[in-house]
file upload_3.cif (mmCIF, N, CA and C atoms and all ligand atoms)
data_model
loop_
_atom_site.label_atom_id
_atom_site.label_comp_id
_atom_site.auth_asym_id
_atom_site.auth_seq_id
_atom_site.Cartn_x
_atom_site.Cartn_y
_atom_site.Cartn_z
N ALA A 1 33.26 61.02 243.46
CA ALA A 1 33.83 60.90 244.80
C ALA A 1 35.27 60.40 244.70
N GLN A 2 36.14 60.91 245.57
CA GLN A 2 37.53 60.48 245.54
C GLN A 2 37.68 59.08 246.14
N LEU A 3 38.56 58.32 245.51
CA LEU A 3 38.83 56.97 245.97
C LEU A 3 39.60 57.02 247.29
N LYS A 4 39.20 56.22 248.27
CA LYS A 4 39.94 56.14 249.53
C LYS A 4 41.26 55.41 249.28
N PRO A 5 42.32 55.80 250.00
CA PRO A 5 43.62 55.14 249.79
C PRO A 5 43.53 53.62 249.86
N GLU A 6 42.79 53.11 250.84
CA GLU A 6 42.75 51.64 250.95
C GLU A 6 42.01 51.00 249.77
N ASP A 7 41.07 51.73 249.18
CA ASP A 7 40.38 51.19 248.00
C ASP A 7 41.30 51.19 246.77
N ALA A 8 42.13 52.23 246.66
CA ALA A 8 43.09 52.27 245.54
C ALA A 8 44.09 51.13 245.68
N ILE A 9 44.59 50.92 246.89
CA ILE A 9 45.55 49.84 247.13
C ILE A 9 44.90 48.49 246.82
N ARG A 10 43.70 48.31 247.31
CA ARG A 10 42.99 47.04 247.06
C ARG A 10 42.75 46.84 245.56
N ALA A 11 42.38 47.87 244.86
CA ALA A 11 42.10 47.76 243.42
C ALA A 11 43.36 47.34 242.66
N ARG A 12 44.47 48.02 242.92
CA ARG A 12 45.67 47.67 242.14
C ARG A 12 46.20 46.31 242.51
N GLN A 13 46.14 45.96 243.81
CA GLN A 13 46.62 44.63 244.21
C GLN A 13 45.75 43.54 243.60
N SER A 14 44.46 43.78 243.50
CA SER A 14 43.56 42.79 242.91
C SER A 14 43.84 42.60 241.43
N ILE A 15 43.99 43.71 240.71
CA ILE A 15 44.28 43.61 239.27
C ILE A 15 45.61 42.90 239.06
N MET A 16 46.64 43.31 239.81
CA MET A 16 47.96 42.72 239.60
C MET A 16 47.98 41.24 239.98
N ARG A 17 47.16 40.87 240.95
CA ARG A 17 47.06 39.44 241.30
C ARG A 17 46.52 38.64 240.12
N VAL A 18 45.52 39.15 239.47
CA VAL A 18 44.93 38.42 238.33
C VAL A 18 45.89 38.46 237.13
N VAL A 19 46.61 39.57 236.99
CA VAL A 19 47.67 39.63 235.96
C VAL A 19 48.66 38.49 236.19
N ALA A 20 49.15 38.36 237.43
CA ALA A 20 50.14 37.33 237.74
C ALA A 20 49.57 35.92 237.54
N LEU A 21 48.30 35.73 237.90
CA LEU A 21 47.69 34.41 237.74
C LEU A 21 47.63 33.99 236.28
N ASN A 22 47.45 34.96 235.39
CA ASN A 22 47.39 34.63 233.97
C ASN A 22 48.77 34.56 233.33
N PHE A 23 49.71 35.33 233.88
CA PHE A 23 51.07 35.28 233.33
C PHE A 23 51.77 33.98 233.73
N GLY A 24 51.41 33.43 234.88
CA GLY A 24 52.08 32.23 235.39
C GLY A 24 52.19 31.10 234.39
N PRO A 25 51.04 30.62 233.86
CA PRO A 25 51.12 29.51 232.89
C PRO A 25 51.85 29.88 231.60
N LEU A 26 51.75 31.14 231.20
CA LEU A 26 52.45 31.58 229.98
C LEU A 26 53.96 31.49 230.18
N SER A 27 54.41 31.99 231.33
CA SER A 27 55.82 31.95 231.66
C SER A 27 56.31 30.50 231.77
N ALA A 28 55.49 29.66 232.42
CA ALA A 28 55.87 28.25 232.59
C ALA A 28 55.97 27.53 231.24
N MET A 29 55.02 27.81 230.33
CA MET A 29 55.07 27.17 229.00
C MET A 29 56.25 27.68 228.18
N ALA A 30 56.52 28.99 228.27
CA ALA A 30 57.62 29.55 227.49
C ALA A 30 58.96 28.98 227.93
N GLN A 31 59.05 28.61 229.21
CA GLN A 31 60.30 28.05 229.74
C GLN A 31 60.28 26.53 229.81
N ASP A 32 59.26 25.93 229.17
CA ASP A 32 59.12 24.47 229.16
C ASP A 32 59.08 23.87 230.57
N LYS A 33 58.50 24.61 231.50
CA LYS A 33 58.33 24.06 232.86
C LYS A 33 57.04 23.27 232.96
N ILE A 34 56.09 23.60 232.08
CA ILE A 34 54.89 22.77 231.90
C ILE A 34 54.74 22.57 230.40
N PRO A 35 54.04 21.50 229.98
CA PRO A 35 53.90 21.25 228.54
C PRO A 35 53.13 22.38 227.85
N TYR A 36 53.57 22.69 226.64
CA TYR A 36 52.86 23.68 225.84
C TYR A 36 51.46 23.16 225.53
N ASN A 37 50.48 24.04 225.77
CA ASN A 37 49.08 23.69 225.48
C ASN A 37 48.48 24.92 224.82
N LYS A 38 48.14 24.78 223.55
CA LYS A 38 47.72 25.95 222.79
C LYS A 38 46.48 26.62 223.39
N ASP A 39 45.51 25.81 223.80
CA ASP A 39 44.28 26.39 224.35
C ASP A 39 44.56 27.18 225.63
N LEU A 40 45.38 26.59 226.50
CA LEU A 40 45.73 27.28 227.74
C LEU A 40 46.51 28.56 227.44
N PHE A 41 47.41 28.47 226.45
CA PHE A 41 48.21 29.65 226.09
C PHE A 41 47.30 30.77 225.59
N VAL A 42 46.44 30.45 224.64
CA VAL A 42 45.58 31.49 224.04
C VAL A 42 44.62 32.07 225.09
N ALA A 43 44.05 31.19 225.92
CA ALA A 43 43.13 31.68 226.95
C ALA A 43 43.86 32.60 227.93
N SER A 44 45.07 32.20 228.35
CA SER A 44 45.82 33.00 229.32
C SER A 44 46.22 34.35 228.72
N ALA A 45 46.66 34.34 227.47
CA ALA A 45 47.07 35.59 226.81
C ALA A 45 45.87 36.52 226.62
N THR A 46 44.72 35.94 226.28
CA THR A 46 43.51 36.74 226.09
C THR A 46 43.05 37.35 227.41
N ARG A 47 43.11 36.55 228.46
CA ARG A 47 42.71 37.05 229.79
C ARG A 47 43.71 38.09 230.30
N LEU A 48 45.00 37.84 230.05
CA LEU A 48 46.01 38.80 230.47
C LEU A 48 45.76 40.16 229.81
N GLU A 49 45.48 40.14 228.52
CA GLU A 49 45.23 41.40 227.80
C GLU A 49 43.98 42.09 228.39
N ALA A 50 42.95 41.31 228.70
CA ALA A 50 41.71 41.88 229.23
C ALA A 50 41.95 42.51 230.60
N VAL A 51 42.64 41.79 231.48
CA VAL A 51 42.81 42.33 232.84
C VAL A 51 43.80 43.50 232.83
N TRP A 52 44.81 43.42 231.96
CA TRP A 52 45.75 44.56 231.87
C TRP A 52 45.02 45.82 231.40
N SER A 53 44.00 45.65 230.59
CA SER A 53 43.25 46.81 230.08
C SER A 53 42.48 47.51 231.20
N MET A 54 42.37 46.88 232.35
CA MET A 54 41.74 47.55 233.50
C MET A 54 42.62 48.66 234.06
N ASP A 55 43.86 48.72 233.59
CA ASP A 55 44.77 49.83 233.86
C ASP A 55 45.01 50.09 235.36
N ALA A 56 45.77 49.18 235.94
CA ALA A 56 46.13 49.33 237.36
C ALA A 56 46.86 50.64 237.64
N SER A 57 47.46 51.24 236.62
CA SER A 57 48.23 52.48 236.87
C SER A 57 47.36 53.58 237.46
N ARG A 58 46.06 53.55 237.18
CA ARG A 58 45.14 54.56 237.72
C ARG A 58 45.08 54.54 239.24
N PHE A 59 45.44 53.41 239.82
CA PHE A 59 45.26 53.23 241.26
C PHE A 59 46.54 53.45 242.06
N PHE A 60 47.62 53.81 241.36
CA PHE A 60 48.86 54.15 242.06
C PHE A 60 48.83 55.64 242.37
N VAL A 61 47.95 56.02 243.26
CA VAL A 61 47.76 57.43 243.57
C VAL A 61 48.60 57.84 244.77
N LYS A 62 48.98 59.10 244.75
CA LYS A 62 49.84 59.65 245.80
C LYS A 62 49.27 59.36 247.20
N GLY A 63 50.15 59.08 248.10
CA GLY A 63 49.74 58.86 249.48
C GLY A 63 49.37 57.42 249.78
N THR A 64 49.64 56.52 248.85
CA THR A 64 49.29 55.12 249.09
C THR A 64 50.53 54.23 249.18
N ASP A 65 51.62 54.80 249.68
CA ASP A 65 52.85 54.02 249.86
C ASP A 65 53.08 53.64 251.32
N LYS A 66 52.09 53.91 252.14
CA LYS A 66 52.23 53.61 253.58
C LYS A 66 51.04 52.75 254.00
N PRO A 67 51.23 51.96 255.05
CA PRO A 67 50.06 51.25 255.59
C PRO A 67 48.95 52.24 255.90
N VAL A 68 47.73 51.83 255.69
CA VAL A 68 46.59 52.73 255.91
C VAL A 68 46.00 52.44 257.28
N ALA A 69 46.13 53.39 258.19
CA ALA A 69 45.64 53.20 259.56
C ALA A 69 44.14 52.95 259.55
N GLY A 70 43.70 51.97 260.30
CA GLY A 70 42.27 51.74 260.45
C GLY A 70 41.63 50.96 259.31
N SER A 71 42.39 50.63 258.26
CA SER A 71 41.79 49.85 257.17
C SER A 71 41.96 48.37 257.46
N ASN A 72 41.17 47.55 256.80
CA ASN A 72 41.29 46.10 257.02
C ASN A 72 42.05 45.43 255.89
N ILE A 73 42.76 46.21 255.04
CA ILE A 73 43.61 45.55 254.05
C ILE A 73 44.86 45.05 254.76
N ALA A 74 45.64 44.26 254.04
CA ALA A 74 46.78 43.59 254.67
C ALA A 74 47.69 44.58 255.41
N GLY A 75 47.65 45.83 255.04
CA GLY A 75 48.40 46.83 255.77
C GLY A 75 49.78 47.09 255.22
N PHE A 76 50.05 46.55 254.04
CA PHE A 76 51.34 46.85 253.42
C PHE A 76 51.13 47.13 251.95
N THR A 77 52.07 47.79 251.38
CA THR A 77 52.03 48.05 249.95
C THR A 77 53.47 48.17 249.49
N ASP A 78 53.74 47.72 248.28
CA ASP A 78 55.12 47.56 247.82
C ASP A 78 55.57 48.66 246.87
N VAL A 79 54.89 49.80 246.87
CA VAL A 79 55.31 50.85 245.92
C VAL A 79 56.48 51.66 246.47
N LYS A 80 57.34 52.08 245.53
CA LYS A 80 58.36 53.07 245.86
C LYS A 80 57.80 54.46 245.53
N PRO A 81 58.10 55.47 246.33
CA PRO A 81 57.60 56.83 246.05
C PRO A 81 58.12 57.38 244.71
N GLU A 82 59.10 56.70 244.15
CA GLU A 82 59.60 57.04 242.80
C GLU A 82 58.46 57.14 241.78
N ILE A 83 57.37 56.41 242.02
CA ILE A 83 56.20 56.49 241.14
C ILE A 83 55.70 57.92 241.04
N TRP A 84 55.68 58.62 242.18
CA TRP A 84 55.14 59.99 242.18
C TRP A 84 56.22 61.03 241.93
N ASN A 85 57.47 60.64 242.21
CA ASN A 85 58.56 61.57 241.92
C ASN A 85 58.85 61.63 240.43
N ASN A 86 58.54 60.57 239.74
CA ASN A 86 58.85 60.49 238.30
C ASN A 86 57.70 59.84 237.54
N PRO A 87 56.54 60.50 237.51
CA PRO A 87 55.34 59.87 236.94
C PRO A 87 55.46 59.56 235.45
N LEU A 88 56.24 60.36 234.72
CA LEU A 88 56.37 60.08 233.28
C LEU A 88 57.16 58.79 233.05
N LYS A 89 58.17 58.60 233.90
CA LYS A 89 58.96 57.37 233.80
C LYS A 89 58.09 56.16 234.17
N PHE A 90 57.25 56.34 235.17
CA PHE A 90 56.34 55.25 235.56
C PHE A 90 55.37 54.94 234.42
N LYS A 91 54.82 55.98 233.81
CA LYS A 91 53.88 55.77 232.70
C LYS A 91 54.56 55.04 231.54
N ASP A 92 55.79 55.45 231.25
CA ASP A 92 56.54 54.78 230.17
C ASP A 92 56.75 53.30 230.48
N ALA A 93 57.13 53.02 231.72
CA ALA A 93 57.40 51.63 232.10
C ALA A 93 56.11 50.82 232.03
N PHE A 94 55.02 51.42 232.48
CA PHE A 94 53.73 50.73 232.44
C PHE A 94 53.30 50.48 231.00
N ASP A 95 53.44 51.51 230.17
CA ASP A 95 53.04 51.41 228.76
C ASP A 95 53.90 50.41 227.98
N ASP A 96 55.15 50.23 228.42
CA ASP A 96 55.99 49.21 227.78
C ASP A 96 55.32 47.84 227.89
N ASN A 97 54.69 47.59 229.03
CA ASN A 97 54.04 46.28 229.19
C ASN A 97 52.74 46.21 228.40
N THR A 98 52.05 47.34 228.27
CA THR A 98 50.84 47.35 227.43
C THR A 98 51.21 46.92 226.00
N ALA A 99 52.33 47.46 225.50
CA ALA A 99 52.79 47.12 224.15
C ALA A 99 53.22 45.66 224.07
N ALA A 100 53.94 45.19 225.10
CA ALA A 100 54.42 43.81 225.10
C ALA A 100 53.24 42.83 225.15
N ILE A 101 52.20 43.19 225.92
CA ILE A 101 51.03 42.31 226.03
C ILE A 101 50.23 42.31 224.72
N ALA A 102 50.15 43.46 224.07
CA ALA A 102 49.47 43.52 222.77
C ALA A 102 50.17 42.61 221.76
N LYS A 103 51.51 42.62 221.81
CA LYS A 103 52.30 41.77 220.91
C LYS A 103 52.06 40.29 221.23
N LEU A 104 52.02 39.98 222.51
CA LEU A 104 51.76 38.59 222.94
C LEU A 104 50.37 38.13 222.49
N ALA A 105 49.38 38.99 222.65
CA ALA A 105 48.01 38.60 222.27
C ALA A 105 47.92 38.42 220.76
N ALA A 106 48.61 39.27 220.01
CA ALA A 106 48.62 39.14 218.54
C ALA A 106 49.30 37.83 218.14
N ALA A 107 50.41 37.51 218.82
CA ALA A 107 51.11 36.24 218.53
C ALA A 107 50.21 35.06 218.84
N ALA A 108 49.48 35.15 219.96
CA ALA A 108 48.57 34.05 220.34
C ALA A 108 47.50 33.86 219.27
N ARG A 109 46.99 34.97 218.74
CA ARG A 109 45.97 34.87 217.67
C ARG A 109 46.55 34.28 216.40
N SER A 110 47.85 34.51 216.16
CA SER A 110 48.50 33.98 214.96
C SER A 110 48.67 32.47 215.05
N GLY A 111 48.79 31.95 216.29
CA GLY A 111 48.97 30.51 216.48
C GLY A 111 50.38 30.02 216.21
N ASP A 112 51.33 30.93 216.00
CA ASP A 112 52.73 30.54 215.74
C ASP A 112 53.43 30.31 217.08
N GLU A 113 53.66 29.04 217.38
CA GLU A 113 54.16 28.67 218.72
C GLU A 113 55.46 29.37 219.09
N ALA A 114 56.39 29.45 218.17
CA ALA A 114 57.68 30.08 218.49
C ALA A 114 57.48 31.57 218.79
N ALA A 115 56.65 32.23 217.99
CA ALA A 115 56.39 33.66 218.21
C ALA A 115 55.67 33.88 219.54
N MET A 116 54.77 32.96 219.85
CA MET A 116 54.01 33.06 221.10
C MET A 116 54.94 32.98 222.30
N LYS A 117 55.81 31.96 222.29
CA LYS A 117 56.73 31.78 223.42
C LYS A 117 57.71 32.94 223.53
N SER A 118 58.16 33.42 222.40
CA SER A 118 59.11 34.52 222.41
C SER A 118 58.48 35.81 222.95
N ALA A 119 57.21 36.02 222.64
CA ALA A 119 56.51 37.23 223.11
C ALA A 119 56.31 37.22 224.62
N VAL A 120 56.28 36.03 225.23
CA VAL A 120 56.17 35.94 226.69
C VAL A 120 57.41 36.59 227.33
N GLY A 121 58.57 36.38 226.71
CA GLY A 121 59.80 36.97 227.22
C GLY A 121 59.73 38.49 227.25
N GLY A 122 59.11 39.05 226.23
CA GLY A 122 58.96 40.51 226.18
C GLY A 122 58.10 41.04 227.32
N VAL A 123 57.05 40.29 227.63
CA VAL A 123 56.18 40.70 228.74
C VAL A 123 56.93 40.57 230.08
N GLY A 124 57.63 39.46 230.26
CA GLY A 124 58.39 39.27 231.50
C GLY A 124 59.42 40.37 231.71
N LYS A 125 60.06 40.78 230.61
CA LYS A 125 61.06 41.84 230.68
C LYS A 125 60.42 43.18 231.08
N ALA A 126 59.25 43.44 230.51
CA ALA A 126 58.56 44.70 230.84
C ALA A 126 58.07 44.68 232.29
N CYS A 127 57.56 43.52 232.75
CA CYS A 127 57.14 43.40 234.16
C CYS A 127 58.32 43.74 235.06
N LYS A 128 59.44 43.06 234.78
CA LYS A 128 60.62 43.20 235.64
C LYS A 128 61.17 44.62 235.59
N GLY A 129 61.19 45.21 234.40
CA GLY A 129 61.73 46.56 234.26
C GLY A 129 60.98 47.55 235.15
N CYS A 130 59.66 47.47 235.16
CA CYS A 130 58.85 48.36 235.98
C CYS A 130 59.05 48.03 237.46
N HIS A 131 59.06 46.75 237.81
CA HIS A 131 59.22 46.37 239.21
C HIS A 131 60.57 46.83 239.76
N ASP A 132 61.62 46.69 238.95
CA ASP A 132 62.96 47.08 239.41
C ASP A 132 62.99 48.54 239.86
N ASP A 133 62.30 49.38 239.12
CA ASP A 133 62.35 50.82 239.43
C ASP A 133 61.30 51.26 240.43
N PHE A 134 60.17 50.58 240.47
CA PHE A 134 59.02 51.13 241.20
C PHE A 134 58.41 50.23 242.26
N LYS A 135 58.93 49.01 242.39
CA LYS A 135 58.35 48.10 243.38
C LYS A 135 59.39 47.74 244.43
N VAL A 136 58.99 47.79 245.69
CA VAL A 136 59.87 47.37 246.77
C VAL A 136 60.05 45.86 246.68
N LYS A 137 61.28 45.41 246.81
CA LYS A 137 61.56 43.97 246.67
C LYS A 137 61.00 43.17 247.86
C1 LIG B 1 55.25 37.04 237.48
C2 LIG B 1 55.21 37.87 238.60
C3 LIG B 1 56.02 38.92 238.39
C4 LIG B 1 56.59 38.82 237.03
C5 LIG B 1 58.06 38.97 236.92
C6 LIG B 1 58.50 38.89 235.49
O1 LIG B 1 54.63 36.01 237.32
O2 LIG B 1 54.50 37.67 239.71
O3 LIG B 1 56.25 39.90 239.20
O4 LIG B 1 56.13 37.56 236.54
O5 LIG B 1 58.70 37.99 237.67
O6 LIG B 1 59.85 39.21 235.35
#
call {"tool": "encode", "arguments": {"input": "upload_3.cif", "output": "structure tokens"}}
result
Amino acid sequence: AQLKPEDAIRARQSIMRVVALNFGPLSAMAQDKIPYNKDLFVASATRLEAVWSMDASRFFVKGTDKPVAGSNIAGFTDVKPEIWNNPLKFKDAFDDNTAAIAKLAAAARSGDEAAMKSAVGGVGKACKGCHDDFKVK
């Protein structure tokens, strides 16, 4: 059965919310805004990799850039139609973060604090790169 537009929007917003919840402490530790805590770092990186593997890109389907009449979701969505005008560019941008997150998870498993913190920067850059091109500010 085909996914309803409001279900696709809800799915991607839910995944991205959990992505952000796990990236938050990593970003804060990498920038020394909260104390470095190895257990929190490793848990957050492991969870980030797991939730990213749910592949939110599947839910950015055509026709979901407008409020959905009659649905009970918040009624807004932040995608630019550039996602559908240039799907290969979107896939590349999305995959850049898959690679950055794999690197972060590998660094977390290594336990090398400097490598761990540095890999967070790579993920932040990939997040921002995709948002700049495909997300409404
Ligand atoms: C976050 C979040 C984003 C990214 C981005 C990284 O925590 O909600 O959209 O990090 O700011 O550059």
call {"tool": "closest_atom_pairs", "arguments": {"input": "upload_3.cif", "of": "chain A", "to": "ligand LIG 1 (chain B)", "cutoff": "6 Å", "atoms": "only N, CA and C atoms and all ligand atoms", "output": "JSON lines"}}
result
{"residue": "A:Ala20", "atom": "CA", "partner": "B:LIG1", "partner_atom": "O1", "distance": 4.7}
{"residue": "A:Phe23", "atom": "C", "partner": "B:LIG1", "partner_atom": "O1", "distance": 5.0}
{"residue": "A:Gly24", "atom": "N", "partner": "B:LIG1", "partner_atom": "O1", "distance": 4.8}
{"residue": "A:Val123", "atom": "C", "partner": "B:LIG1", "partner_atom": "C6", "distance": 5.9}
{"residue": "A:Gly124", "atom": "C", "partner": "B:LIG1", "partner_atom": "O6", "distance": 3.8}
{"residue": "A:Lys125", "atom": "N", "partner": "B:LIG1", "partner_atom": "O6", "distance": 5.0}
{"residue": "A:Cys127", "atom": "C", "partner": "B:LIG1", "partner_atom": "O6", "distance": 4.8}
{"residue": "A:Lys128", "atom": "N", "partner": "B:LIG1", "partner_atom": "O6", "distance": 3.9}
call {"tool": "closest_residue", "arguments": {"input": "upload_3.cif", "among": "A:Ile34, A:Leu88, A:Ala105, A:Ala119", "to": "A:Thr46", "atoms": "all atoms listed in the file"}}
result
A:Ala105
call {"tool": "atom_distance", "arguments": {"input": "upload_3.cif", "atom1": "atom N of A:Ala126", "atom2": "atom C of A:Asp65"}}
result
24.0 Å
call {"tool": "closest_residue", "arguments": {"input": "upload_3.cif", "among": "A:Lys137, A:Lys117, A:His131, A:Lys89", "to": "A:Asn37", "atoms": "only C-alpha atoms"}}
result
A:Lys117
call {"tool": "closest_residue", "arguments": {"input": "upload_3.cif", "among": "A:Lys135, A:Ala100, A:Ser44, A:Val18", "to": "A:Gly122", "atoms": "all atoms listed in the file"}}
result
A:Ala100
call {"tool": "residues_around", "arguments": {"input": "upload_3.cif", "residues": "A:Ser57", "least_positions_apart": "3", "cutoff": "8 Å", "atoms": "all atoms listed in the file", "output": "number ranges by chain"}}
result
A: 12, 52, 54, 60-61, 90-91, 94
call {"tool": "select_by_dssp", "arguments": {"input": "upload_3.cif", "residues": "chain A", "states": "helix (DSSP H, G or I)", "output": "VMD selection string"}}
result
chain A and resid 5 to 30 38 to 52 56 to 59 82 to 85 87 to 110 113 to 134
call {"tool": "atom_distance", "arguments": {"input": "upload_3.cif", "atom1": "atom C of A:Arg47", "atom2": "atom C of A:Leu21"}}
result
8.2 Å
call {"tool": "atom_distance", "arguments": {"input": "upload_3.cif", "atom1": "atom CA of A:Cys130", "atom2": "atom CA of A:Asp78"}}
result
12.4 Å
call {"tool": "axis_aligned_box", "arguments": {"input": "upload_3.cif", "around": "stretch 112-125 of chain A", "padding_each_side": "6 Å", "output": "AutoDock Vina command-line options"}}
result
--center_x 56.2 --center_y 35.9 --center_z 223.7 --size_x 21.7 --size_y 26.5 --size_z 28.0
call {"tool": "closest_residue", "arguments": {"input": "upload_3.cif", "among": "A:Asp133, A:Arg17, A:Thr64, A:Arg10", "to": "A:Glu82", "atoms": "only N, CA and C atoms"}}
result
A:Asp133
call {"tool": "closest_residue", "arguments": {"input": "upload_3.cif", "among": "A:Ile101, A:Asp55, A:Asp39, A:Lys66", "to": "A:Ile9", "atoms": "only C-alpha atoms"}}
result
A:Lys66
call {"tool": "closest_residue", "arguments": {"input": "upload_3.cif", "among": "A:Leu26, A:Leu104, A:Ala93, A:Val19", "to": "A:Leu48", "atoms": "only N, CA and C atoms"}}
result
A:Val19
call {"tool": "residues_around", "arguments": {"input": "upload_3.cif", "residues": "A:Ala11", "least_positions_apart": "5", "cutoff": "6.5 Å", "atoms": "all atoms listed in the file", "output": "PyMOL selection string"}}
result
chain A and resi 6+16+56+59
call {"tool": "build_atoms", "arguments": {"input": "upload_3.cif", "residues": "stretch 50-57 of chain A", "atoms": "all heavy atoms", "output": "mmCIF file, in the coordinates of the input"}}
result
data_model
loop_
_atom_site.group_PDB
_atom_site.id
_atom_site.type_symbol
_atom_site.label_atom_id
_atom_site.label_comp_id
_atom_site.auth_asym_id
_atom_site.auth_seq_id
_atom_site.Cartn_x
_atom_site.Cartn_y
_atom_site.Cartn_z
ATOM 1 N N ALA A 50 42.950 41.310 228.700
ATOM 2 C CA ALA A 50 41.710 41.880 229.230
ATOM 3 C C ALA A 50 41.950 42.510 230.600
ATOM 4 O O ALA A 50 41.521 43.651 230.861
ATOM 5 C CB ALA A 50 40.626 40.809 229.303
ATOM 6 N N VAL A 51 42.640 41.790 231.480
ATOM 7 C CA VAL A 51 42.810 42.330 232.840
ATOM 8 C C VAL A 51 43.800 43.500 232.830
ATOM 9 O O VAL A 51 43.617 44.468 233.576
ATOM 10 C CB VAL A 51 43.167 41.226 233.857
ATOM 11 C CG1 VAL A 51 44.549 40.687 233.657
ATOM 12 C CG2 VAL A 51 43.017 41.750 235.282
ATOM 13 N N TRP A 52 44.810 43.420 231.960
ATOM 14 C CA TRP A 52 45.750 44.560 231.870
ATOM 15 C C TRP A 52 45.020 45.820 231.400
ATOM 16 O O TRP A 52 45.356 46.936 231.810
ATOM 17 C CB TRP A 52 46.908 44.215 230.924
ATOM 18 C CG TRP A 52 48.001 45.232 231.014
ATOM 19 C CD1 TRP A 52 48.281 46.234 230.124
ATOM 20 C CD2 TRP A 52 48.957 45.379 232.081
ATOM 21 N NE1 TRP A 52 49.332 46.991 230.575
ATOM 22 C CE2 TRP A 52 49.763 46.483 231.770
ATOM 23 C CE3 TRP A 52 49.190 44.670 233.272
ATOM 24 C CZ2 TRP A 52 50.807 46.910 232.608
ATOM 25 C CZ3 TRP A 52 50.228 45.108 234.092
ATOM 26 C CH2 TRP A 52 51.017 46.205 233.764
ATOM 27 N N SER A 53 44.000 45.650 230.590
ATOM 28 C CA SER A 53 43.250 46.810 230.080
ATOM 29 C C SER A 53 42.480 47.510 231.200
ATOM 30 O O SER A 53 41.991 48.634 231.011
ATOM 31 C CB SER A 53 42.299 46.391 228.955
ATOM 32 O OG SER A 53 41.108 45.845 229.492
ATOM 33 N N MET A 54 42.370 46.880 232.350
ATOM 34 C CA MET A 54 41.740 47.550 233.500
ATOM 35 C C MET A 54 42.620 48.660 234.060
ATOM 36 O O MET A 54 42.172 49.455 234.885
ATOM 37 C CB MET A 54 41.376 46.548 234.576
ATOM 38 C CG MET A 54 40.290 45.601 234.110
ATOM 39 S SD MET A 54 39.806 44.496 235.431
ATOM 40 C CE MET A 54 38.183 44.044 234.843
ATOM 41 N N ASP A 55 43.860 48.720 233.590
ATOM 42 C CA ASP A 55 44.770 49.830 233.860
ATOM 43 C C ASP A 55 45.010 50.090 235.360
ATOM 44 O O ASP A 55 44.527 51.079 235.925
ATOM 45 C CB ASP A 55 44.262 51.111 233.170
ATOM 46 C CG ASP A 55 45.273 52.240 233.264
ATOM 47 O OD1 ASP A 55 46.420 51.998 233.721
ATOM 48 O OD2 ASP A 55 44.928 53.380 232.884
ATOM 49 N N ALA A 56 45.770 49.180 235.940
ATOM 50 C CA ALA A 56 46.130 49.330 237.360
ATOM 51 C C ALA A 56 46.860 50.640 237.640
ATOM 52 O O ALA A 56 46.840 51.123 238.774
ATOM 53 C CB ALA A 56 46.980 48.140 237.807
ATOM 54 N N SER A 57 47.460 51.240 236.620
ATOM 55 C CA SER A 57 48.230 52.480 236.870
ATOM 56 C C SER A 57 47.360 53.580 237.460
ATOM 57 O O SER A 57 47.836 54.448 238.179
ATOM 58 C CB SER A 57 48.909 52.970 235.581
ATOM 59 O OG SER A 57 47.991 53.549 234.687
#
